[in-house]
$ cat work-v2.cif   # mmCIF, C-alpha atoms
data_input
loop_
_atom_site.label_atom_id
_atom_site.label_comp_id
_atom_site.auth_asym_id
_atom_site.auth_seq_id
_atom_site.Cartn_x
_atom_site.Cartn_y
_atom_site.Cartn_z
CA MET X 1 -14.80 -14.61 10.80
CA ASN X 2 -16.14 -12.76 13.82
CA ALA X 3 -16.62 -9.01 14.04
CA ALA X 4 -13.56 -7.03 15.04
CA PRO X 5 -13.43 -6.21 18.79
CA THR X 6 -12.44 -2.58 18.23
CA PRO X 7 -14.02 -0.84 15.23
CA MET X 8 -11.74 1.17 12.99
CA LYS X 9 -12.50 4.34 11.06
CA ILE X 10 -11.62 3.62 7.45
CA VAL X 11 -11.82 6.08 4.56
CA ILE X 12 -11.54 4.78 1.00
CA LEU X 13 -11.05 7.09 -1.98
CA GLY X 14 -11.79 4.84 -4.92
CA LEU X 15 -12.61 5.07 -8.60
CA SER X 16 -16.26 4.08 -8.14
CA ILE X 17 -18.57 2.12 -5.92
CA THR X 18 -21.81 3.45 -7.39
CA SER X 19 -21.24 2.45 -11.02
CA SER X 20 -19.84 -0.74 -12.52
CA TRP X 21 -20.00 0.70 -16.03
CA GLY X 22 -16.74 -0.02 -17.89
CA ASN X 23 -14.76 -0.85 -14.74
CA GLY X 24 -14.14 -3.76 -12.38
CA HIS X 25 -13.42 -1.55 -9.38
CA ALA X 26 -17.01 -1.12 -8.20
CA THR X 27 -17.57 -4.83 -7.68
CA THR X 28 -14.45 -5.12 -5.56
CA TYR X 29 -15.23 -2.07 -3.46
CA ARG X 30 -18.82 -3.12 -2.88
CA GLY X 31 -17.86 -6.47 -1.45
CA LEU X 32 -14.98 -5.08 0.58
CA VAL X 33 -16.95 -2.19 2.12
CA ARG X 34 -19.92 -4.40 2.89
CA GLU X 35 -17.79 -6.96 4.70
CA LEU X 36 -15.76 -4.35 6.56
CA ALA X 37 -19.02 -2.81 7.77
CA ARG X 38 -20.28 -6.26 8.73
CA ARG X 39 -17.17 -6.69 10.86
CA GLY X 40 -18.13 -3.52 12.72
CA HIS X 41 -15.88 -0.93 11.09
CA HIS X 42 -16.97 2.58 10.15
CA VAL X 43 -16.28 2.96 6.43
CA LEU X 44 -16.57 6.14 4.38
CA PHE X 45 -16.22 5.76 0.60
CA LEU X 46 -15.41 8.94 -1.31
CA GLU X 47 -16.06 8.92 -5.06
CA ARG X 48 -15.45 11.60 -7.66
CA ASP X 49 -18.73 12.57 -9.32
CA VAL X 50 -18.00 12.17 -13.05
CA PRO X 51 -20.57 12.27 -15.87
CA TRP X 52 -19.78 8.87 -17.41
CA TYR X 53 -20.59 7.12 -14.14
CA ALA X 54 -23.43 9.48 -13.22
CA VAL X 55 -25.51 8.18 -16.12
CA HIS X 56 -24.66 4.53 -15.37
CA ARG X 57 -25.14 4.20 -11.61
CA ASP X 58 -26.41 0.70 -10.83
CA LEU X 59 -25.92 1.19 -7.06
CA PRO X 60 -26.35 4.93 -6.43
CA ALA X 61 -26.70 4.53 -2.65
CA PRO X 62 -24.80 1.51 -1.31
CA PRO X 63 -26.63 0.16 1.79
CA TYR X 64 -23.40 -0.43 3.72
CA GLY X 65 -20.88 2.04 5.08
CA ARG X 66 -21.34 5.63 3.90
CA THR X 67 -20.78 6.84 0.34
CA VAL X 68 -20.23 10.49 -0.54
CA LEU X 69 -19.65 11.99 -3.98
CA TYR X 70 -17.37 15.01 -4.41
CA THR X 71 -17.05 17.32 -7.39
CA ASP X 72 -13.32 18.08 -7.45
CA VAL X 73 -10.18 18.08 -5.30
CA PRO X 74 -10.83 21.47 -3.64
CA ALA X 75 -14.32 20.32 -2.64
CA LEU X 76 -12.89 17.08 -1.28
CA GLN X 77 -10.33 18.95 0.78
CA ARG X 78 -12.86 21.46 2.12
CA THR X 79 -15.43 18.87 3.09
CA HIS X 80 -13.50 15.83 4.24
CA ALA X 81 -10.22 17.01 5.76
CA ASP X 82 -11.34 16.16 9.30
CA GLU X 83 -12.42 12.65 8.30
CA ILE X 84 -9.11 12.01 6.52
CA GLY X 85 -7.23 13.37 9.51
CA GLY X 86 -9.19 11.34 12.04
CA ALA X 87 -9.30 7.97 10.28
CA ASP X 88 -7.36 4.96 11.49
CA LEU X 89 -6.72 3.99 7.87
CA VAL X 90 -7.07 5.98 4.65
CA ILE X 91 -6.93 4.06 1.37
CA VAL X 92 -6.40 5.70 -2.02
CA GLY X 93 -7.27 3.50 -4.99
CA SER X 94 -5.77 3.23 -8.45
CA PHE X 95 -7.28 5.25 -11.30
CA VAL X 96 -8.81 7.81 -8.93
CA PRO X 97 -9.04 11.11 -10.86
CA ASP X 98 -6.29 13.49 -9.72
CA GLY X 99 -4.95 10.64 -7.64
CA VAL X 100 -1.44 12.09 -7.43
CA GLU X 101 -2.70 15.32 -5.89
CA ILE X 102 -5.08 13.42 -3.64
CA GLY X 103 -2.33 11.05 -2.55
CA ASP X 104 -0.03 13.88 -1.56
CA TRP X 105 -2.86 15.49 0.39
CA VAL X 106 -3.80 12.26 2.16
CA GLN X 107 -0.21 11.55 3.15
CA SER X 108 0.14 15.06 4.61
CA GLN X 109 -3.32 15.16 6.23
CA ALA X 110 -3.74 11.69 7.73
CA SER X 111 -2.81 11.15 11.36
CA GLY X 112 -3.47 7.41 11.08
CA ARG X 113 -2.09 4.96 8.54
CA THR X 114 -2.30 5.27 4.77
CA ALA X 115 -2.51 2.70 2.01
CA PHE X 116 -2.59 2.60 -1.77
CA TYR X 117 -4.92 -0.04 -3.20
CA ASP X 118 -3.79 -0.97 -6.69
CA ILE X 119 -6.49 -2.78 -8.60
CA ASP X 120 -4.32 -2.38 -11.71
CA THR X 121 -0.80 -3.11 -10.46
CA PRO X 122 0.86 -4.25 -13.72
CA VAL X 123 -0.69 -1.31 -15.57
CA THR X 124 0.58 1.01 -12.83
CA LEU X 125 4.11 -0.36 -12.96
CA ALA X 126 4.18 -0.02 -16.75
CA ALA X 127 3.10 3.62 -16.37
CA LEU X 128 5.71 4.28 -13.67
CA ALA X 129 8.39 3.02 -16.04
CA ASN X 130 7.30 5.79 -18.43
CA GLY X 131 7.22 8.65 -15.94
CA GLY X 132 4.23 7.84 -13.80
CA ALA X 133 0.49 7.43 -13.84
CA SER X 134 -2.15 10.11 -13.41
CA TYR X 135 -3.06 8.54 -10.08
CA LEU X 136 0.39 7.62 -8.67
CA GLN X 137 3.99 8.77 -8.89
CA ALA X 138 6.91 6.55 -7.93
CA ARG X 139 7.97 8.98 -5.20
CA GLN X 140 4.63 8.46 -3.43
CA ILE X 141 4.95 4.71 -2.90
CA ALA X 142 7.33 5.00 0.04
CA GLY X 143 4.94 7.52 1.61
CA TYR X 144 2.11 5.01 1.87
CA ASP X 145 2.40 2.73 4.91
CA LEU X 146 0.91 -0.14 2.92
CA TYR X 147 0.71 -1.02 -0.77
CA LEU X 148 -2.24 -3.34 -1.37
CA SER X 149 -1.97 -5.06 -4.73
CA PHE X 150 -4.30 -7.03 -6.98
CA THR X 151 -1.08 -8.74 -8.12
CA GLY X 152 0.88 -11.05 -5.86
CA GLY X 153 4.06 -13.04 -6.39
CA PRO X 154 7.37 -11.37 -7.34
CA THR X 155 5.69 -8.00 -7.93
CA LEU X 156 5.36 -7.49 -4.18
CA ASP X 157 9.12 -7.87 -3.71
CA ARG X 158 9.69 -5.42 -6.55
CA LEU X 159 7.42 -2.81 -4.97
CA GLU X 160 9.44 -2.97 -1.77
CA ARG X 161 12.89 -3.31 -3.32
CA GLU X 162 12.67 -0.86 -6.22
CA PHE X 163 10.08 1.62 -5.02
CA GLY X 164 10.63 1.62 -1.28
CA SER X 165 7.20 0.43 -0.16
CA PRO X 166 7.47 -0.36 3.56
CA ALA X 167 4.92 -3.16 3.16
CA ALA X 168 3.55 -4.52 -0.13
CA ARG X 169 0.83 -7.13 0.31
CA GLN X 170 -1.52 -8.86 -2.09
CA LEU X 171 -5.22 -8.13 -1.72
CA TYR X 172 -6.79 -9.96 -4.60
CA CYS X 173 -10.23 -9.28 -5.95
CA SER X 174 -12.99 -11.45 -4.53
CA VAL X 175 -16.51 -12.74 -5.02
CA ASP X 176 -19.75 -12.42 -3.07
CA PRO X 177 -21.19 -15.95 -2.66
CA ALA X 178 -24.61 -14.45 -1.89
CA LEU X 179 -24.67 -13.03 -5.42
CA TYR X 180 -22.79 -15.69 -7.40
CA PHE X 181 -23.97 -19.30 -7.13
CA PRO X 182 -25.26 -22.07 -9.42
CA GLU X 183 -28.80 -21.73 -10.79
CA PRO X 184 -30.76 -24.27 -12.86
CA LEU X 185 -31.05 -22.13 -15.98
CA ALA X 186 -31.27 -23.33 -19.55
CA GLN X 187 -27.75 -23.30 -20.97
CA ASP X 188 -28.15 -21.48 -24.27
CA CYS X 189 -24.46 -20.57 -24.63
CA ASP X 190 -21.54 -22.93 -25.19
CA LEU X 191 -18.85 -20.33 -24.42
CA GLY X 192 -19.22 -16.79 -23.11
CA TYR X 193 -16.90 -13.96 -22.19
CA MET X 194 -17.41 -10.82 -20.12
CA GLY X 195 -14.92 -7.96 -20.23
CA THR X 196 -14.45 -4.37 -21.35
CA TYR X 197 -12.67 -4.06 -24.69
CA SER X 198 -8.91 -3.60 -24.68
CA ASP X 199 -6.43 -3.77 -27.55
CA ASP X 200 -4.19 -6.24 -25.74
CA ARG X 201 -6.99 -8.67 -24.81
CA GLN X 202 -8.61 -8.68 -28.23
CA PRO X 203 -6.14 -11.07 -29.93
CA THR X 204 -6.81 -13.66 -27.21
CA LEU X 205 -10.56 -13.16 -27.52
CA GLU X 206 -10.16 -13.63 -31.25
CA ALA X 207 -8.14 -16.84 -30.83
CA LEU X 208 -10.09 -18.45 -28.00
CA LEU X 209 -13.67 -17.42 -28.75
CA LEU X 210 -14.23 -15.83 -32.16
CA ALA X 211 -12.11 -18.36 -34.08
CA PRO X 212 -13.83 -21.34 -32.38
CA ALA X 213 -17.18 -19.70 -33.17
CA ARG X 214 -16.26 -19.56 -36.86
CA ALA X 215 -14.96 -23.13 -36.79
CA TRP X 216 -18.14 -24.42 -35.15
CA PRO X 217 -21.13 -22.63 -36.74
CA GLU X 218 -23.58 -24.73 -34.71
CA GLY X 219 -22.03 -23.51 -31.45
CA ARG X 220 -23.52 -20.68 -29.40
CA PHE X 221 -21.24 -17.91 -28.16
CA GLU X 222 -21.67 -14.64 -26.28
CA VAL X 223 -19.57 -11.56 -25.48
CA ALA X 224 -20.60 -8.86 -22.99
CA GLY X 225 -18.62 -5.69 -22.39
CA ALA X 226 -18.35 -1.99 -23.08
CA GLN X 227 -16.25 0.00 -25.57
CA TYR X 228 -15.89 -2.57 -28.36
CA PRO X 229 -15.23 -0.82 -31.69
CA ALA X 230 -18.15 -0.65 -34.06
CA GLY X 231 -16.06 -2.28 -36.80
CA ILE X 232 -15.65 -5.67 -35.13
CA ALA X 233 -17.07 -8.41 -37.35
CA TRP X 234 -18.92 -10.64 -34.91
CA PRO X 235 -19.60 -14.13 -36.31
CA ALA X 236 -23.29 -14.88 -36.80
CA ASN X 237 -23.34 -17.28 -33.84
CA VAL X 238 -21.86 -14.73 -31.39
CA ARG X 239 -24.31 -12.61 -29.42
CA TYR X 240 -22.86 -9.26 -28.28
CA THR X 241 -24.16 -7.14 -25.37
CA ALA X 242 -22.57 -3.73 -24.78
CA HIS X 243 -23.14 -3.63 -21.02
CA LEU X 244 -24.37 -6.19 -18.56
CA PRO X 245 -25.15 -4.78 -15.09
CA PRO X 246 -24.02 -6.80 -12.06
CA ALA X 247 -27.58 -7.95 -11.34
CA GLN X 248 -27.42 -9.99 -14.58
CA HIS X 249 -23.92 -11.44 -14.16
CA ARG X 250 -24.98 -14.58 -12.30
CA ALA X 251 -27.49 -15.54 -14.97
CA PHE X 252 -24.88 -14.78 -17.64
CA TYR X 253 -22.52 -17.37 -16.18
CA ASN X 254 -25.18 -19.93 -15.37
CA ARG X 255 -26.43 -19.93 -18.96
CA GLN X 256 -22.97 -20.98 -20.20
CA ARG X 257 -21.53 -24.44 -20.54
CA PHE X 258 -18.06 -22.85 -20.35
CA THR X 259 -16.85 -19.31 -19.75
CA LEU X 260 -13.66 -17.71 -21.06
CA ASN X 261 -11.13 -15.82 -18.93
CA VAL X 262 -8.88 -13.40 -20.86
CA THR X 263 -6.04 -11.53 -19.16
CA ARG X 264 -4.48 -8.14 -19.93
CA ALA X 265 -0.96 -8.33 -21.41
CA ASP X 266 0.62 -6.44 -18.49
CA MET X 267 -1.01 -8.84 -16.06
CA ILE X 268 0.17 -11.88 -17.99
CA ARG X 269 3.73 -10.55 -17.79
CA ALA X 270 3.43 -9.93 -14.05
CA GLY X 271 1.55 -13.14 -13.28
CA TRP X 272 -0.41 -13.71 -10.08
CA SER X 273 -3.15 -11.35 -11.29
CA PRO X 274 -6.58 -12.99 -11.17
CA SER X 275 -9.60 -11.06 -12.41
CA VAL X 276 -12.85 -10.72 -10.52
CA ARG X 277 -14.61 -12.43 -13.45
CA LEU X 278 -12.54 -15.55 -12.78
CA PHE X 279 -13.83 -15.74 -9.20
CA GLU X 280 -17.42 -14.86 -10.15
CA ALA X 281 -17.64 -17.57 -12.80
CA ALA X 282 -16.08 -20.15 -10.51
CA ALA X 283 -18.53 -19.30 -7.71
CA CYS X 284 -21.35 -20.04 -10.15
CA GLY X 285 -19.83 -23.44 -10.84
CA THR X 286 -19.29 -22.53 -14.50
CA PRO X 287 -16.24 -24.32 -15.93
CA ILE X 288 -13.55 -21.83 -16.97
CA ILE X 289 -11.28 -21.88 -20.00
CA SER X 290 -8.39 -19.46 -19.50
CA ASP X 291 -5.25 -18.17 -21.10
CA ARG X 292 -2.01 -18.97 -19.25
CA TRP X 293 -0.04 -16.89 -16.74
CA ASP X 294 2.32 -17.55 -13.86
CA GLY X 295 0.49 -18.10 -10.61
CA ILE X 296 -2.85 -19.24 -11.99
CA GLU X 297 -2.06 -22.71 -10.68
CA THR X 298 -1.95 -21.29 -7.12
CA LEU X 299 -5.61 -20.29 -7.47
CA LEU X 300 -7.14 -23.14 -9.45
CA GLU X 301 -5.55 -26.46 -10.41
CA PRO X 302 -5.26 -26.85 -14.21
CA GLY X 303 -7.18 -29.83 -15.55
CA ARG X 304 -8.98 -30.34 -12.25
CA GLU X 305 -10.45 -26.92 -11.40
CA ILE X 306 -9.80 -24.94 -14.59
CA PHE X 307 -8.94 -25.54 -18.23
CA LEU X 308 -5.99 -23.72 -19.85
CA ALA X 309 -5.95 -23.27 -23.62
CA ASP X 310 -3.47 -21.88 -26.14
CA SER X 311 -5.25 -22.34 -29.45
CA PRO X 312 -8.68 -22.29 -31.13
CA ALA X 313 -8.43 -26.04 -31.67
CA GLU X 314 -8.01 -26.71 -27.94
CA VAL X 315 -11.06 -24.61 -27.12
CA THR X 316 -13.16 -26.20 -29.83
CA ARG X 317 -12.18 -29.66 -28.62
CA LEU X 318 -13.24 -28.84 -25.04
CA LEU X 319 -16.55 -27.41 -26.21
CA ARG X 320 -17.42 -30.32 -28.47
CA GLU X 321 -15.86 -33.35 -26.78
CA MET X 322 -15.83 -32.79 -23.00
CA PRO X 323 -18.40 -35.10 -21.32
CA ASP X 324 -20.96 -33.13 -19.34
CA GLU X 325 -20.30 -35.05 -16.13
CA GLU X 326 -16.59 -34.23 -16.25
CA ARG X 327 -17.29 -30.62 -17.24
CA ARG X 328 -19.64 -30.11 -14.29
CA ALA X 329 -17.21 -31.77 -11.87
CA VAL X 330 -14.48 -29.29 -12.83
CA GLY X 331 -16.88 -26.40 -12.25
CA ASP X 332 -17.96 -27.80 -8.87
CA ARG X 333 -14.37 -28.21 -7.69
CA ALA X 334 -13.52 -24.66 -8.74
CA ARG X 335 -16.53 -23.34 -6.84
CA GLN X 336 -15.50 -25.08 -3.62
CA ARG X 337 -11.93 -23.77 -3.93
CA ILE X 338 -13.01 -20.18 -4.48
CA LEU X 339 -15.55 -20.20 -1.66
CA ALA X 340 -12.88 -21.50 0.70
CA GLU X 341 -10.30 -18.81 -0.15
CA HIS X 342 -11.54 -15.88 -2.23
CA THR X 343 -14.76 -14.33 -0.95
CA ALA X 344 -15.21 -10.67 -0.01
CA ALA X 345 -15.32 -11.78 3.63
CA HIS X 346 -11.83 -13.27 3.25
CA ARG X 347 -10.54 -10.00 1.78
CA ALA X 348 -12.05 -7.87 4.55
CA ALA X 349 -10.42 -10.08 7.15
CA GLU X 350 -7.08 -9.82 5.35
CA LEU X 351 -7.32 -6.03 5.11
CA GLU X 352 -8.26 -5.80 8.78
CA ALA X 353 -5.24 -7.90 9.74
CA HIS X 354 -2.92 -5.66 7.69
CA ALA X 355 -4.42 -2.53 9.22
CA ARG X 356 -4.17 -3.79 12.80
CA MET X 357 -0.55 -4.76 12.25
CA LEU X 358 0.18 -1.23 11.03
CA LEU X 359 -1.67 0.39 13.91
CA ALA X 360 0.20 -1.74 16.44
CA ALA X 361 3.58 -0.64 15.06
CA PRO X 362 5.24 2.72 15.86
CA MET X 363 4.30 5.55 13.49
CA ARG X 364 6.81 5.90 10.66
CA GLN X 365 8.70 9.10 10.03
CA VAL X 366 8.51 9.78 6.29
CA ALA X 367 11.12 12.08 4.80
#
$ encode --input "work-v2.cif" --output "structure tokens"
Amino acid sequence: MNAAPTPMKIVILGLSITSSWGNGHATTYRGLVRELARRGHHVLFLERDVPWYAVHRDLPAPPYGRTVLYTDVPALQRTHADEIGGADLVIVGSFVPDGVEIGDWVQSQASGRTAFYDIDTPVTLAALANGGASYLQARQIAGYDLYLSFTGGPTLDRLEREFGSPAARQLYCSVDPALYFPEPLAQDCDLGYMGTYSDDRQPTLEALLLAPARAWPEGRFEVAGAQYPAGIAWPANVRYTAHLPPAQHRAFYNRQRFTLNVTRADMIRAGWSPSVRLFEAAACGTPIISDRWDGIETLLEPGREIFLADSPAEVTRLLREMPDEERRAVGDRARQRILAEHTAAHRAAELEAHARMLLAAPMRQVA
């Protein structure tokens, strides 16, 4: 993956790159911006300065590209109109505060190409079915030259067919192999899970981690993630951590014999929606137990590179009966698969290819 011959000016307006607190966006943007900069592109990341991220900034000054915080939409428009207008590609991300207003402004201001990067595609589509999201209206989709989606498969056809996107392309999350790799740590956890609380994921967490913990009192379990209600009754053998900064993620996975992947309900319905935690755990060589959804077999082969489970009994059986040699082999195969297809460098190259294709085509006339 050599550096691009002609650097592009790329502006990204995303939810956050400076804080990973309570969101998975920062990890994705960090890897993507770093690799785009490594390929020679000039990247400006614009982030809304909000108090809940201000007090949880684990990367306040990213050492790649350029990051600027803005206070509100008028300040953004006053300060960065020329950069939006002069960029080769402007990307607006999902869940950006005032994203609808910002999207309209970007589409009217940009002289280059525009893209919407949906890190939450199934959630977005569910919101559009109910009148729209705070960061995107259905009418705006046709106005973006490119719709980049964390979800692949049939959803891409739907974005083009139903919403008029001129080009919907998957741009999955990714992993940084320099940050996620196997380490010889003492494995003091039989099954762990990392993820922010959500009502729709909690039943799966209950079935595939908390119930096995109750059924196997000698087992060691761990959950890390923000916003869990105070009333949750954690079993005595489950250790809970409210927030784990990215610098501790690798050790979190390497201390586990298995890790659990739990998927949002909207993403299960859409399929083809891997989470960044799936890739991070695999890059560490930690064997993954996951719920089921269409398309997971295109990423990791069930039984050979990942374990799929539907019940507490299946999880408990894997934890208690799987020979260590076989367990480690599954983790090793998953690691090799992810490193070959799903690193941040792969995503930067994919984005660059999409952008160059757009720039080589005649400029669209949007009604």
$ closest_atom_pairs --input "work-v2.cif" --of "segment 186-287 of chain X" --to "segment 317-337 of chain X" --cutoff "7 Å" --atoms "only C-alpha atoms" --output "CSV"
residue,atom,partner,partner_atom,distance
X:Asp190,CA,X:Leu319,CA,6.8
X:Ala282,CA,X:Arg335,CA,4.9
X:Ala283,CA,X:Arg335,CA,4.6
X:Cys284,CA,X:Arg335,CA,6.7
X:Gly285,CA,X:Gly331,CA,4.4
X:Thr286,CA,X:Gly331,CA,5.1
X:Pro287,CA,X:Gly331,CA,4.3
$ closest_residue --input "work-v2.cif" --among "X:Ala207, X:Leu156, X:Val223, X:Arg257" --to "Ala186 of chain X" --atoms "only C-alpha atoms"
X:Arg257
$ resolve_selection --input "work-v2.cif" --expression "the PyMOL selection byres ((chain X and resi 251) around 12)" --output "short mmCIF file (atom, residue, chain, number, x, y, z; two decimals) with C-alpha atoms, keeping the file's coordinate frame"
data_model
loop_
_atom_site.label_atom_id
_atom_site.label_comp_id
_atom_site.auth_asym_id
_atom_site.auth_seq_id
_atom_site.Cartn_x
_atom_site.Cartn_y
_atom_site.Cartn_z
CA LEU X 179 -24.67 -13.03 -5.42
CA TYR X 180 -22.79 -15.69 -7.40
CA PHE X 181 -23.97 -19.30 -7.13
CA PRO X 182 -25.26 -22.07 -9.42
CA GLU X 183 -28.80 -21.73 -10.79
CA PRO X 184 -30.76 -24.27 -12.86
CA LEU X 185 -31.05 -22.13 -15.98
CA ALA X 186 -31.27 -23.33 -19.55
CA GLN X 187 -27.75 -23.30 -20.97
CA ASP X 188 -28.15 -21.48 -24.27
CA CYS X 189 -24.46 -20.57 -24.63
CA GLY X 192 -19.22 -16.79 -23.11
CA LEU X 244 -24.37 -6.19 -18.56
CA PRO X 245 -25.15 -4.78 -15.09
CA PRO X 246 -24.02 -6.80 -12.06
CA ALA X 247 -27.58 -7.95 -11.34
CA GLN X 248 -27.42 -9.99 -14.58
CA HIS X 249 -23.92 -11.44 -14.16
CA ARG X 250 -24.98 -14.58 -12.30
CA PHE X 252 -24.88 -14.78 -17.64
CA TYR X 253 -22.52 -17.37 -16.18
CA ASN X 254 -25.18 -19.93 -15.37
CA ARG X 255 -26.43 -19.93 -18.96
CA GLN X 256 -22.97 -20.98 -20.20
CA GLU X 280 -17.42 -14.86 -10.15
CA ALA X 281 -17.64 -17.57 -12.80
CA CYS X 284 -21.35 -20.04 -10.15
CA GLY X 285 -19.83 -23.44 -10.84
CA THR X 286 -19.29 -22.53 -14.50
#
$ residues_around --input "work-v2.cif" --residues "Arg239 of chain X" --least-positions-apart "5" --cutoff "8 Å" --atoms "all atoms listed in the file" --output "ChimeraX atom specification"
/X:221-223,234
$ atom_distance --input "work-v2.cif" --atom1 "atom CA of Tyr29 of chain X" --atom2 "atom CA of Leu148 of chain X"
13.2 Å
$ resolve_selection --input "work-v2.cif" --expression "the PyMOL selection byres ((chain X and resi 288) around 6)" --output "list of chain:residue names"
X:Phe258, X:Thr259, X:Leu260, X:Pro287, X:Ile289, X:Ile306
$ write_last_selection --input "work-v2.cif" --atoms "C-alpha atoms" --output "mmCIF file, keeping the file's coordinate frame"
data_model
loop_
_atom_site.group_PDB
_atom_site.id
_atom_site.type_symbol
_atom_site.label_atom_id
_atom_site.label_comp_id
_atom_site.auth_asym_id
_atom_site.auth_seq_id
_atom_site.Cartn_x
_atom_site.Cartn_y
_atom_site.Cartn_z
ATOM 1 C CA PHE X 258 -18.060 -22.850 -20.350
ATOM 2 C CA THR X 259 -16.850 -19.310 -19.750
ATOM 3 C CA LEU X 260 -13.660 -17.710 -21.060
ATOM 4 C CA PRO X 287 -16.240 -24.320 -15.930
ATOM 5 C CA ILE X 289 -11.280 -21.880 -20.000
ATOM 6 C CA ILE X 306 -9.800 -24.940 -14.590
#
$ resolve_selection --input "work-v2.cif" --expression "the PyMOL selection byres ((chain X and resi 86) around 10)" --output "list in words"
Lys9, Ile10, Val11, His80, Ala81, Asp82, Glu83, Ile84, Gly85, Ala87, Asp88, Leu89, Val90, Gln109, Ala110, Ser111 and Gly112 of chain X
$ write_last_selection --input "work-v2.cif" --atoms "C-alpha atoms" --output "PDB file, in the coordinates of the input"
ATOM      1  CA  LYS X   9     -12.500   4.340  11.060  1.00  0.00           C
ATOM      2  CA  ILE X  10     -11.620   3.620   7.450  1.00  0.00           C
ATOM      3  CA  VAL X  11     -11.820   6.080   4.560  1.00  0.00           C
ATOM      4  CA  HIS X  80     -13.500  15.830   4.240  1.00  0.00           C
ATOM      5  CA  ALA X  81     -10.220  17.010   5.760  1.00  0.00           C
ATOM      6  CA  ASP X  82     -11.340  16.160   9.300  1.00  0.00           C
ATOM      7  CA  GLU X  83     -12.420  12.650   8.300  1.00  0.00           C
ATOM      8  CA  ILE X  84      -9.110  12.010   6.520  1.00  0.00           C
ATOM      9  CA  GLY X  85      -7.230  13.370   9.510  1.00  0.00           C
ATOM     10  CA  ALA X  87      -9.300   7.970  10.280  1.00  0.00           C
ATOM     11  CA  ASP X  88      -7.360   4.960  11.490  1.00  0.00           C
ATOM     12  CA  LEU X  89      -6.720   3.990   7.870  1.00  0.00           C
ATOM     13  CA  VAL X  90      -7.070   5.980   4.650  1.00  0.00           C
ATOM     14  CA  GLN X 109      -3.320  15.160   6.230  1.00  0.00           C
ATOM     15  CA  ALA X 110      -3.740  11.690   7.730  1.00  0.00           C
ATOM     16  CA  SER X 111      -2.810  11.150  11.360  1.00  0.00           C
ATOM     17  CA  GLY X 112      -3.470   7.410  11.080  1.00  0.00           C
TER      18      GLY X 112
END
$ closest_residue --input "work-v2.cif" --among "X:Phe116, X:Phe307, X:Tyr135, X:Phe279" --to "Glu341 of chain X" --atoms "all atoms listed in the file"
X:Phe279
$ atom_distance --input "work-v2.cif" --atom1 "atom CA of Tyr197 of chain X" --atom2 "atom CA of Leu125 of chain X"
20.8 Å
$ closest_residue --input "work-v2.cif" --among "X:Ala138, X:Leu13, X:Leu69, X:Ala211" --to "Ala313 of chain X" --atoms "all atoms listed in the file"
X:Ala211
$ residues_around --input "work-v2.cif" --residues "Ala236 of chain X" --least-positions-apart "6" --cutoff "12 Å" --atoms "only C-alpha atoms" --output "ChimeraX atom specification"
/X:210,213-222
